[in-house]
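Here's the structure we're looking at; comments come further down.
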Number of protein chains: 2
Amino acid sequence: MRADKRERLEAAGWRVGSAEEFLGLSPQEADYVQVKLALSLALRERRLQSELTQADLARLVQSSQSRIAKMEAGDPGVSVDLLMKSLLALGASPRDLARAIDSVPRRD
Amino acid sequence: MRADKRERLEAAGWRVGSAEEFLGLSPQEADYVQVKLALSLALRERRLQSELTQADLARLVQSSQSRIAKMEAGDPGVSVDLLMKSLLALGASPRDLARAIDSVPRRD
DNA sequence: GATCCTTATGCCCAATATGACATAAATACT
DNA sequence: AGTATTTATGTCATATTGGGCATAAGGATC
C-alpha cells in the first residue's frame with residue numbers, strides 16, 4: 001500500500017494494518033494460520049492438477065466433499081494432520097510439504 | 001544390514017524389512033509418521049537448546065508435562081498441530097518447520 | 001431460465017486429541 | 001545409597017475434530 005493512500009485512509013478514521021493485527025493474533029498464531037493456509041493452497045493446486053473434483057478426493061482419502069471444501073477454504077476446524085494426510089494421498093512427498101510451508105512469507 | 005546376515009536371518013524364518021513393512025503401513029502413512037517424528041525431534045532439540053524442562057515448556061504453551069513427553073516420544077495420540085504450535089512457541093519460524101520436515105528421508 | 005456438475009456452508013454425533021492428575025522410571029547431585 | 005529433579009506412562013472428563021448428510025450457491029451448457 002502506498003504511503004499517501006494509507007495516510008488518507010487513516011485521516012478518514014480507518015485502521016490500516018495486517019489481518020493478524022486486526023484479529024489480534026500473536027506472531028506464533030499468525031504463523032500457524034499461514035502454514036495452514038499454505039497447505040490449503042497446495043492441496044487445491046494438487047487436486048486441480050490431478051483433475052479431481054472435491055468429491056473424487058473425498059473418496060480417495062475416505063473423507064467427505066464438505067471436509068475437502070473446508071480444508072481448501074482454510075477452515076479453522078480443520079487440522080494440519082488432515083491437510084497433510086490428504087496431500088500425501090495425492091502423491092505429495094514430505095519434501096513437497098516442506099516446500100509448501102517454506103512458501104510462507106517471513107515475518108519482520 | 002549386510003546381505004549375508006539377512007540371508008541367515010531369513011533362512012532361520014525371520015522376516016527382514018523396515019518398520020513400515022512390519023507395521024503394514026502404506027507409503028503415505030509411513031511418510032506421515034516420519035513427518036511427525038521429524039517434528040518431535042526438532043521439538044526436543046529446540047527445548048534442550050533453550051535449556052527448558054518439559055514442565056517449563058508445558059507452562060509456555062499452556063499444556064502439561066505429560067503432553068510434552070508424549071509429543072517428544074512421537075506418541076500417535078499427538079497431533080501435528082500441537083507439535084507445530086509448540087515449535088512456534090519456542091521461536092521456530094515456518095522455515096524452520098519446513099527444514100525439519102525436509103529432513104525426512106526420501107522413500108525409494 | 002432449466003438442467004447438470006461442482007463447490008460452499010451448516011448441522012449432527014461419533015471418534016480422537018486435549019489438559020490435568022497420579023505415579024513410575026530414569027537421571028543428577030551430594 | 002538417598003534425595004531431588006526430570007522424564008515417561010497410564011487414565012479420565014472435556015473439548016475439538018472427524019465423516020456424513022442436507023442444502024444452498026456458483027458456473028457451465030443447452
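Letters A, B, ... mark the chains of the C-alpha cells in the order given; residue numbers begin at 1 per chain; ligand numbers begin at 1, in order shown.
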>> With only C-alpha atoms (C1' of nucleotides) as the counted atoms, please give the residues lying no more than 10 Å from DT17 (chain D), apart from itself and same-chain residues fewer than 6 positions off, as a VMD selection string.
In response: (chain A and resid 77 to 79 82) or (chain C and resid 15 to 17)
> Please, which residues of chain D lie no more than 10 Å from chain A when the count uses only C-alpha atoms (C1' of nucleotides), and can they be set out as a list in words?
Replying inline: DT16, DT17, DG18, DG19, DG20 and DC21 of chain D
> What residues in chain A have any atom no more than 8 Å from chain B when counting only C-alpha atoms, and can you write them as number ranges by chain?
Replying inline: A: 28-29, 31-32, 35, 79-81, 84-85, 88-89, 93-95, 97-99, 101-102, 104, 106
Would you save the residues of that selection, restricted to C-alpha atoms, as a tab-separated table (two decimals), in the first residue's frame?
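Final output, saved to selection.tsv:
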chain	number	residue	atom	x	y	z
A	28	GLN	CA	3.05	-17.50	16.57
A	29	GLU	CA	-0.67	-17.78	15.95
A	31	ASP	CA	2.48	-18.16	11.58
A	32	TYR	CA	0.36	-21.16	12.38
A	35	VAL	CA	1.20	-22.55	7.50
A	79	SER	CA	-6.35	-29.88	11.41
A	80	VAL	CA	-2.93	-29.75	9.82
A	81	ASP	CA	-2.90	-33.51	10.23
A	84	MET	CA	-1.00	-33.35	5.37
A	85	LYS	CA	-2.61	-36.76	5.07
A	88	LEU	CA	0.31	-37.26	0.88
A	89	ALA	CA	-2.63	-39.21	-0.53
A	93	SER	CA	6.25	-36.13	-0.68
A	94	PRO	CA	7.42	-34.78	2.68
A	95	ARG	CA	9.69	-32.55	0.65
A	97	LEU	CA	5.06	-30.39	2.21
A	98	ALA	CA	8.24	-28.66	3.29
A	99	ARG	CA	8.27	-26.57	0.14
A	101	ILE	CA	5.37	-24.48	4.26
A	102	ASP	CA	8.52	-22.71	3.25
A	104	VAL	CA	5.00	-18.75	3.96
A	106	ARG	CA	8.75	-14.31	6.62
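Counting only C-alpha atoms (C1' of nucleotides), DT23 (chain C) has the following residues at most 12 Å away, ignoring those fewer than 5 positions along the same chain: Ser66 of chain B; DA8, DT9, DG10 and DT11 of chain D.
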Counting only C-alpha atoms (C1' of nucleotides), which residues of chain A fall within 8 Å of chain C, and what is the closest atom pair for each with its distance in Å at one decimal, ordered by chain and rising number, as CSV?
residue,atom,partner,partner_atom,distance
A:Thr53,CA,C:DT6,C1',7.3
A:Gln54,CA,C:DT7,C1',7.8
A:Ser66,CA,C:DA8,C1',7.8
A:Ala69,CA,C:DA8,C1',6.9
Since chain A and chain B share a sequence, can you fit the second onto the first over all C-alpha atoms in order and output it as a JSON list (two decimals) with N, CA and C atoms, in the first residue's frame?
[["chain", "number", "residue", "atom", "x", "y", "z"],
["B", 1, "MET", "N", 0.49, -0.86, -0.15],
["B", 1, "MET", "CA", -0.35, 0.35, -0.07],
["B", 1, "MET", "C", 0.52, 1.60, -0.07],
["B", 2, "ARG", "N", 0.12, 2.57, -0.83],
["B", 2, "ARG", "CA", 0.90, 3.80, -0.92],
["B", 2, "ARG", "C", 0.76, 4.60, 0.36],
["B", 3, "ALA", "N", 1.84, 5.28, 0.71],
["B", 3, "ALA", "CA", 1.87, 6.02, 1.98],
["B", 3, "ALA", "C", 0.80, 7.09, 2.02],
["B", 4, "ASP", "N", 0.57, 7.77, 0.91],
["B", 4, "ASP", "CA", -0.42, 8.86, 0.95],
["B", 4, "ASP", "C", -1.83, 8.33, 1.14],
["B", 5, "LYS", "N", -2.08, 7.18, 0.54],
["B", 5, "LYS", "CA", -3.41, 6.58, 0.72],
["B", 5, "LYS", "C", -3.61, 6.20, 2.18],
["B", 6, "ARG", "N", -2.58, 5.57, 2.73],
["B", 6, "ARG", "CA", -2.66, 5.18, 4.14],
["B", 6, "ARG", "C", -2.96, 6.40, 5.01],
["B", 7, "GLU", "N", -2.26, 7.48, 4.71],
["B", 7, "GLU", "CA", -2.47, 8.69, 5.50],
["B", 7, "GLU", "C", -3.90, 9.20, 5.39],
["B", 8, "ARG", "N", -4.43, 9.18, 4.19],
["B", 8, "ARG", "CA", -5.80, 9.64, 4.00],
["B", 8, "ARG", "C", -6.77, 8.76, 4.77],
["B", 9, "LEU", "N", -6.55, 7.46, 4.69],
["B", 9, "LEU", "CA", -7.44, 6.52, 5.39],
["B", 9, "LEU", "C", -7.38, 6.74, 6.89],
["B", 10, "GLU", "N", -6.16, 6.87, 7.40],
["B", 10, "GLU", "CA", -6.01, 7.03, 8.85],
["B", 10, "GLU", "C", -6.58, 8.36, 9.31],
["B", 11, "ALA", "N", -6.43, 9.38, 8.47],
["B", 11, "ALA", "CA", -7.00, 10.68, 8.80],
["B", 11, "ALA", "C", -8.52, 10.54, 8.90],
["B", 12, "ALA", "N", -9.08, 9.66, 8.08],
["B", 12, "ALA", "CA", -10.53, 9.46, 8.09],
["B", 12, "ALA", "C", -10.97, 8.51, 9.19],
["B", 13, "GLY", "N", -10.02, 8.04, 10.01],
["B", 13, "GLY", "CA", -10.39, 7.23, 11.16],
["B", 13, "GLY", "C", -10.24, 5.73, 10.97],
["B", 14, "TRP", "N", -9.67, 5.31, 9.86],
["B", 14, "TRP", "CA", -9.48, 3.88, 9.64],
["B", 14, "TRP", "C", -8.19, 3.40, 10.26],
["B", 15, "ARG", "N", -8.23, 2.16, 10.73],
["B", 15, "ARG", "CA", -6.97, 1.56, 11.19],
["B", 15, "ARG", "C", -6.42, 0.75, 10.04],
["B", 16, "VAL", "N", -5.20, 1.00, 9.69],
["B", 16, "VAL", "CA", -4.61, 0.31, 8.55],
["B", 16, "VAL", "C", -3.55, -0.67, 9.04],
["B", 17, "GLY", "N", -3.66, -1.89, 8.63],
["B", 17, "GLY", "CA", -2.67, -2.88, 9.06],
["B", 17, "GLY", "C", -2.96, -4.23, 8.46],
["B", 18, "SER", "N", -2.18, -5.22, 8.87],
["B", 18, "SER", "CA", -2.35, -6.56, 8.34],
["B", 18, "SER", "C", -3.56, -7.23, 8.96],
["B", 19, "ALA", "N", -3.95, -8.33, 8.36],
["B", 19, "ALA", "CA", -5.09, -9.09, 8.87],
["B", 19, "ALA", "C", -4.77, -9.60, 10.28],
["B", 20, "GLU", "N", -3.50, -9.94, 10.52],
["B", 20, "GLU", "CA", -3.13, -10.45, 11.84],
["B", 20, "GLU", "C", -3.38, -9.40, 12.92],
["B", 21, "GLU", "N", -2.93, -8.18, 12.62],
["B", 21, "GLU", "CA", -3.17, -7.10, 13.57],
["B", 21, "GLU", "C", -4.65, -6.95, 13.83],
["B", 22, "PHE", "N", -5.40, -6.95, 12.73],
["B", 22, "PHE", "CA", -6.84, -6.74, 12.86],
["B", 22, "PHE", "C", -7.46, -7.82, 13.74],
["B", 23, "LEU", "N", -7.07, -9.03, 13.54],
["B", 23, "LEU", "CA", -7.66, -10.14, 14.28],
["B", 23, "LEU", "C", -7.04, -10.30, 15.66],
["B", 24, "GLY", "N", -5.98, -9.55, 15.90],
["B", 24, "GLY", "CA", -5.34, -9.63, 17.21],
["B", 24, "GLY", "C", -4.60, -10.93, 17.42],
["B", 25, "LEU", "N", -3.98, -11.43, 16.36],
["B", 25, "LEU", "CA", -3.23, -12.69, 16.48],
["B", 25, "LEU", "C", -1.80, -12.40, 16.92],
["B", 26, "SER", "N", -1.27, -13.28, 17.75],
["B", 26, "SER", "CA", 0.15, -13.19, 18.09],
["B", 26, "SER", "C", 0.94, -13.62, 16.86],
["B", 27, "PRO", "N", 2.20, -13.25, 16.80],
["B", 27, "PRO", "CA", 3.04, -13.68, 15.68],
["B", 27, "PRO", "C", 2.99, -15.19, 15.47],
["B", 28, "GLN", "N", 3.05, -15.94, 16.57],
["B", 28, "GLN", "CA", 3.00, -17.40, 16.45],
["B", 28, "GLN", "C", 1.68, -17.88, 15.86],
["B", 29, "GLU", "N", 0.60, -17.29, 16.33],
["B", 29, "GLU", "CA", -0.71, -17.68, 15.79],
["B", 29, "GLU", "C", -0.81, -17.33, 14.32],
["B", 30, "ALA", "N", -0.26, -16.17, 13.98],
["B", 30, "ALA", "CA", -0.29, -15.76, 12.58],
["B", 30, "ALA", "C", 0.51, -16.75, 11.72],
["B", 31, "ASP", "N", 1.67, -17.17, 12.20],
["B", 31, "ASP", "CA", 2.48, -18.13, 11.46],
["B", 31, "ASP", "C", 1.72, -19.44, 11.29],
["B", 32, "TYR", "N", 1.08, -19.87, 12.34],
["B", 32, "TYR", "CA", 0.33, -21.12, 12.28],
["B", 32, "TYR", "C", -0.76, -21.03, 11.21],
["B", 33, "VAL", "N", -1.48, -19.92, 11.20],
["B", 33, "VAL", "CA", -2.52, -19.73, 10.19],
["B", 33, "VAL", "C", -1.91, -19.73, 8.79],
["B", 34, "GLN", "N", -0.78, -19.09, 8.66],
["B", 34, "GLN", "CA", -0.12, -19.03, 7.35],
["B", 34, "GLN", "C", 0.30, -20.41, 6.87],
["B", 35, "VAL", "N", 0.80, -21.21, 7.79],
["B", 35, "VAL", "CA", 1.22, -22.57, 7.43],
["B", 35, "VAL", "C", 0.01, -23.37, 6.93],
["B", 36, "LYS", "N", -1.08, -23.25, 7.67],
["B", 36, "LYS", "CA", -2.28, -23.98, 7.25],
["B", 36, "LYS", "C", -2.76, -23.50, 5.89],
["B", 37, "LEU", "N", -2.70, -22.20, 5.70],
["B", 37, "LEU", "CA", -3.12, -21.63, 4.42],
["B", 37, "LEU", "C", -2.27, -22.16, 3.28],
["B", 38, "ALA", "N", -0.96, -22.22, 3.53],
["B", 38, "ALA", "CA", -0.04, -22.71, 2.50],
["B", 38, "ALA", "C", -0.38, -24.15, 2.12],
["B", 39, "LEU", "N", -0.71, -24.96, 3.13],
["B", 39, "LEU", "CA", -1.05, -26.35, 2.86],
["B", 39, "LEU", "C", -2.39, -26.43, 2.12],
["B", 40, "SER", "N", -3.32, -25.56, 2.47],
["B", 40, "SER", "CA", -4.60, -25.51, 1.78],
["B", 40, "SER", "C", -4.41, -25.26, 0.30],
["B", 41, "LEU", "N", -3.61, -24.27, 0.01],
["B", 41, "LEU", "CA", -3.36, -23.92, -1.39],
["B", 41, "LEU", "C", -2.69, -25.06, -2.11],
["B", 42, "ALA", "N", -1.71, -25.67, -1.45],
["B", 42, "ALA", "CA", -1.00, -26.79, -2.07],
["B", 42, "ALA", "C", -1.97, -27.92, -2.38],
["B", 43, "LEU", "N", -2.91, -28.13, -1.46],
["B", 43, "LEU", "CA", -3.88, -29.20, -1.68],
["B", 43, "LEU", "C", -4.74, -28.91, -2.91],
["B", 44, "ARG", "N", -5.26, -27.70, -2.96],
["B", 44, "ARG", "CA", -6.09, -27.36, -4.12],
["B", 44, "ARG", "C", -5.30, -27.52, -5.41],
["B", 45, "GLU", "N", -4.09, -27.01, -5.42],
["B", 45, "GLU", "CA", -3.26, -27.12, -6.63],
["B", 45, "GLU", "C", -3.08, -28.56, -7.06],
["B", 46, "ARG", "N", -2.73, -29.40, -6.09],
["B", 46, "ARG", "CA", -2.49, -30.80, -6.43],
["B", 46, "ARG", "C", -3.74, -31.50, -6.92],
["B", 47, "ARG", "N", -4.84, -31.19, -6.27],
["B", 47, "ARG", "CA", -6.09, -31.83, -6.67],
["B", 47, "ARG", "C", -6.43, -31.45, -8.11],
["B", 48, "LEU", "N", -6.34, -30.15, -8.41],
["B", 48, "LEU", "CA", -6.67, -29.70, -9.76],
["B", 48, "LEU", "C", -5.70, -30.29, -10.76],
["B", 49, "GLN", "N", -4.42, -30.34, -10.40],
["B", 49, "GLN", "CA", -3.41, -30.92, -11.26],
["B", 49, "GLN", "C", -3.78, -32.37, -11.61],
["B", 50, "SER", "N", -4.34, -33.05, -10.62],
["B", 50, "SER", "CA", -4.72, -34.45, -10.83],
["B", 50, "SER", "C", -6.09, -34.57, -11.48],
["B", 51, "GLU", "N", -6.72, -33.42, -11.75],
["B", 51, "GLU", "CA", -8.05, -33.41, -12.38],
["B", 51, "GLU", "C", -9.06, -34.22, -11.60],
["B", 52, "LEU", "N", -9.06, -33.99, -10.31],
["B", 52, "LEU", "CA", -10.04, -34.65, -9.46],
["B", 52, "LEU", "C", -11.02, -33.60, -8.93],
["B", 53, "THR", "N", -12.27, -34.03, -8.73],
["B", 53, "THR", "CA", -13.23, -33.15, -8.06],
["B", 53, "THR", "C", -13.02, -33.33, -6.56],
["B", 54, "GLN", "N", -13.63, -32.45, -5.79],
["B", 54, "GLN", "CA", -13.53, -32.58, -4.34],
["B", 54, "GLN", "C", -14.14, -33.91, -3.91],
["B", 55, "ALA", "N", -15.19, -34.31, -4.59],
["B", 55, "ALA", "CA", -15.84, -35.58, -4.26],
["B", 55, "ALA", "C", -14.90, -36.75, -4.53],
["B", 56, "ASP", "N", -14.17, -36.67, -5.63],
["B", 56, "ASP", "CA", -13.19, -37.71, -5.95],
["B", 56, "ASP", "C", -12.16, -37.82, -4.83],
["B", 57, "LEU", "N", -11.61, -36.68, -4.47],
["B", 57, "LEU", "CA", -10.58, -36.67, -3.42],
["B", 57, "LEU", "C", -11.15, -37.19, -2.11],
["B", 58, "ALA", "N", -12.38, -36.81, -1.83],
["B", 58, "ALA", "CA", -13.03, -37.27, -0.60],
["B", 58, "ALA", "C", -13.05, -38.80, -0.55],
["B", 59, "ARG", "N", -13.42, -39.41, -1.68],
["B", 59, "ARG", "CA", -13.41, -40.87, -1.73],
["B", 59, "ARG", "C", -12.00, -41.39, -1.49],
["B", 60, "LEU", "N", -11.05, -40.77, -2.16],
["B", 60, "LEU", "CA", -9.66, -41.21, -2.07],
["B", 60, "LEU", "C", -9.14, -41.22, -0.62],
["B", 61, "VAL", "N", -9.50, -40.21, 0.14],
["B", 61, "VAL", "CA", -8.98, -40.12, 1.50],
["B", 61, "VAL", "C", -10.02, -40.53, 2.54],
["B", 62, "GLN", "N", -11.11, -41.11, 2.07],
["B", 62, "GLN", "CA", -12.18, -41.56, 2.96],
["B", 62, "GLN", "C", -12.69, -40.44, 3.84],
["B", 63, "SER", "N", -13.01, -39.34, 3.19],
["B", 63, "SER", "CA", -13.60, -38.22, 3.91],
["B", 63, "SER", "C", -14.85, -37.80, 3.14],
["B", 64, "SER", "N", -15.24, -36.57, 3.26],
["B", 64, "SER", "CA", -16.44, -36.12, 2.57],
["B", 64, "SER", "C", -16.15, -34.85, 1.79],
["B", 65, "GLN", "N", -16.96, -34.61, 0.78],
["B", 65, "GLN", "CA", -16.74, -33.44, -0.08],
["B", 65, "GLN", "C", -16.72, -32.17, 0.74],
["B", 66, "SER", "N", -17.59, -32.08, 1.73],
["B", 66, "SER", "CA", -17.65, -30.85, 2.52],
["B", 66, "SER", "C", -16.35, -30.62, 3.30],
["B", 67, "ARG", "N", -15.76, -31.70, 3.79],
["B", 67, "ARG", "CA", -14.48, -31.56, 4.50],
["B", 67, "ARG", "C", -13.41, -31.04, 3.55],
["B", 68, "ILE", "N", -13.39, -31.60, 2.35],
["B", 68, "ILE", "CA", -12.39, -31.15, 1.38],
["B", 68, "ILE", "C", -12.56, -29.67, 1.11],
["B", 69, "ALA", "N", -13.80, -29.26, 0.92],
["B", 69, "ALA", "CA", -14.07, -27.84, 0.66],
["B", 69, "ALA", "C", -13.56, -27.00, 1.81],
["B", 70, "LYS", "N", -13.82, -27.43, 3.04],
["B", 70, "LYS", "CA", -13.37, -26.67, 4.19],
["B", 70, "LYS", "C", -11.85, -26.64, 4.28],
["B", 71, "MET", "N", -11.24, -27.75, 3.96],
["B", 71, "MET", "CA", -9.77, -27.78, 3.96],
["B", 71, "MET", "C", -9.23, -26.74, 3.02],
["B", 72, "GLU", "N", -9.75, -26.75, 1.80],
["B", 72, "GLU", "CA", -9.22, -25.85, 0.79],
["B", 72, "GLU", "C", -9.56, -24.40, 1.10],
["B", 73, "ALA", "N", -10.58, -24.21, 1.91],
["B", 73, "ALA", "CA", -10.97, -22.85, 2.29],
["B", 73, "ALA", "C", -10.18, -22.37, 3.50],
["B", 74, "GLY", "N", -9.34, -23.23, 4.03],
["B", 74, "GLY", "CA", -8.57, -22.85, 5.21],
["B", 74, "GLY", "C", -9.44, -22.70, 6.44],
["B", 75, "ASP", "N", -10.50, -23.45, 6.49],
["B", 75, "ASP", "CA", -11.42, -23.40, 7.63],
["B", 75, "ASP", "C", -10.68, -23.70, 8.94],
["B", 76, "PRO", "N", -10.95, -22.90, 9.98],
["B", 76, "PRO", "CA", -10.25, -23.08, 11.26],
["B", 76, "PRO", "C", -10.50, -24.46, 11.88],
["B", 77, "GLY", "N", -11.61, -25.06, 11.54],
["B", 77, "GLY", "CA", -11.95, -26.35, 12.14],
["B", 77, "GLY", "C", -11.32, -27.53, 11.43],
["B", 78, "VAL", "N", -10.31, -27.28, 10.64],
["B", 78, "VAL", "CA", -9.62, -28.37, 9.95],
["B", 78, "VAL", "C", -8.19, -28.44, 10.46],
["B", 79, "SER", "N", -7.76, -29.64, 10.77],
["B", 79, "SER", "CA", -6.42, -29.82, 11.35],
["B", 79, "SER", "C", -5.35, -29.91, 10.28],
["B", 80, "VAL", "N", -4.14, -29.57, 10.69],
["B", 80, "VAL", "CA", -2.99, -29.73, 9.81],
["B", 80, "VAL", "C", -2.80, -31.21, 9.49],
["B", 81, "ASP", "N", -3.12, -32.05, 10.46],
["B", 81, "ASP", "CA", -3.00, -33.49, 10.24],
["B", 81, "ASP", "C", -3.78, -33.93, 9.00],
["B", 82, "LEU", "N", -5.03, -33.50, 8.95],
["B", 82, "LEU", "CA", -5.87, -33.91, 7.82],
["B", 82, "LEU", "C", -5.34, -33.34, 6.51],
["B", 83, "LEU", "N", -4.89, -32.12, 6.55],
["B", 83, "LEU", "CA", -4.32, -31.51, 5.35],
["B", 83, "LEU", "C", -3.12, -32.31, 4.87],
["B", 84, "MET", "N", -2.24, -32.64, 5.80],
["B", 84, "MET", "CA", -1.04, -33.40, 5.42],
["B", 84, "MET", "C", -1.40, -34.77, 4.89],
["B", 85, "LYS", "N", -2.29, -35.46, 5.59],
["B", 85, "LYS", "CA", -2.67, -36.79, 5.14],
["B", 85, "LYS", "C", -3.26, -36.74, 3.74],
["B", 86, "SER", "N", -4.06, -35.72, 3.48],
["B", 86, "SER", "CA", -4.68, -35.60, 2.15],
["B", 86, "SER", "C", -3.63, -35.32, 1.09],
["B", 87, "LEU", "N", -2.70, -34.44, 1.41],
["B", 87, "LEU", "CA", -1.63, -34.14, 0.45],
["B", 87, "LEU", "C", -0.82, -35.40, 0.15],
["B", 88, "LEU", "N", -0.49, -36.14, 1.20],
["B", 88, "LEU", "CA", 0.28, -37.37, 1.00],
["B", 88, "LEU", "C", -0.51, -38.36, 0.13],
["B", 89, "ALA", "N", -1.82, -38.41, 0.36],
["B", 89, "ALA", "CA", -2.66, -39.31, -0.42],
["B", 89, "ALA", "C", -2.66, -38.92, -1.89],
["B", 90, "LEU", "N", -2.43, -37.64, -2.15],
["B", 90, "LEU", "CA", -2.38, -37.17, -3.54],
["B", 90, "LEU", "C", -1.00, -37.35, -4.14],
["B", 91, "GLY", "N", -0.12, -37.99, -3.40],
["B", 91, "GLY", "CA", 1.19, -38.29, -3.95],
["B", 91, "GLY", "C", 2.28, -37.32, -3.55],
["B", 92, "ALA", "N", 1.96, -36.37, -2.68],
["B", 92, "ALA", "CA", 2.98, -35.43, -2.23],
["B", 92, "ALA", "C", 3.98, -36.16, -1.33],
["B", 93, "SER", "N", 5.23, -35.74, -1.38],
["B", 93, "SER", "CA", 6.26, -36.30, -0.51],
["B", 93, "SER", "C", 6.44, -35.35, 0.67],
["B", 94, "PRO", "N", 7.06, -35.83, 1.74],
["B", 94, "PRO", "CA", 7.39, -34.93, 2.84],
["B", 94, "PRO", "C", 8.13, -33.68, 2.33],
["B", 95, "ARG", "N", 8.98, -33.87, 1.36],
["B", 95, "ARG", "CA", 9.70, -32.71, 0.81],
["B", 95, "ARG", "C", 8.73, -31.71, 0.19],
["B", 96, "ASP", "N", 7.70, -32.22, -0.46],
["B", 96, "ASP", "CA", 6.69, -31.32, -1.04],
["B", 96, "ASP", "C", 6.00, -30.53, 0.06],
["B", 97, "LEU", "N", 5.70, -31.20, 1.16],
["B", 97, "LEU", "CA", 5.08, -30.51, 2.29],
["B", 97, "LEU", "C", 6.01, -29.40, 2.79],
["B", 98, "ALA", "N", 7.27, -29.76, 2.91],
["B", 98, "ALA", "CA", 8.25, -28.80, 3.39],
["B", 98, "ALA", "C", 8.29, -27.58, 2.46],
["B", 99, "ARG", "N", 8.28, -27.85, 1.16],
["B", 99, "ARG", "CA", 8.32, -26.74, 0.20],
["B", 99, "ARG", "C", 7.12, -25.84, 0.37],
["B", 100, "ALA", "N", 5.95, -26.45, 0.53],
["B", 100, "ALA", "CA", 4.73, -25.65, 0.69],
["B", 100, "ALA", "C", 4.84, -24.76, 1.92],
["B", 101, "ILE", "N", 5.28, -25.34, 3.01],
["B", 101, "ILE", "CA", 5.39, -24.58, 4.26],
["B", 101, "ILE", "C", 6.44, -23.49, 4.14],
["B", 102, "ASP", "N", 7.49, -23.81, 3.39],
["B", 102, "ASP", "CA", 8.56, -22.83, 3.26],
["B", 102, "ASP", "C", 8.13, -21.65, 2.40],
["B", 103, "SER", "N", 7.01, -21.78, 1.74],
["B", 103, "SER", "CA", 6.53, -20.67, 0.90],
["B", 103, "SER", "C", 5.84, -19.60, 1.72],
["B", 104, "VAL", "N", 5.69, -19.85, 3.01],
["B", 104, "VAL", "CA", 5.06, -18.85, 3.88],
["B", 104, "VAL", "C", 5.98, -17.63, 3.97],
["B", 105, "PRO", "N", 5.44, -16.45, 3.75],
["B", 105, "PRO", "CA", 6.27, -15.24, 3.80],
["B", 105, "PRO", "C", 6.88, -15.05, 5.18],
["B", 106, "ARG", "N", 8.16, -14.63, 5.21],
["B", 106, "ARG", "CA", 8.81, -14.38, 6.51],
["B", 106, "ARG", "C", 8.18, -13.18, 7.16],
["B", 107, "ARG", "N", 8.12, -13.25, 8.47],
["B", 107, "ARG", "CA", 7.67, -12.07, 9.23],
["B", 107, "ARG", "C", 8.83, -11.11, 9.39],
["B", 108, "ASP", "N", 8.52, -9.84, 9.69],
["B", 108, "ASP", "CA", 9.63, -8.92, 9.92],
["B", 108, "ASP", "C", 9.58, -8.34, 11.33]]
> In region 14-82 of chain B, what's alpha helix (DSSP H) per DSSP? Answer as a PyMOL selection string?
Replying inline: chain B and resi 19-23+27-49+54-60+65-72+80-82
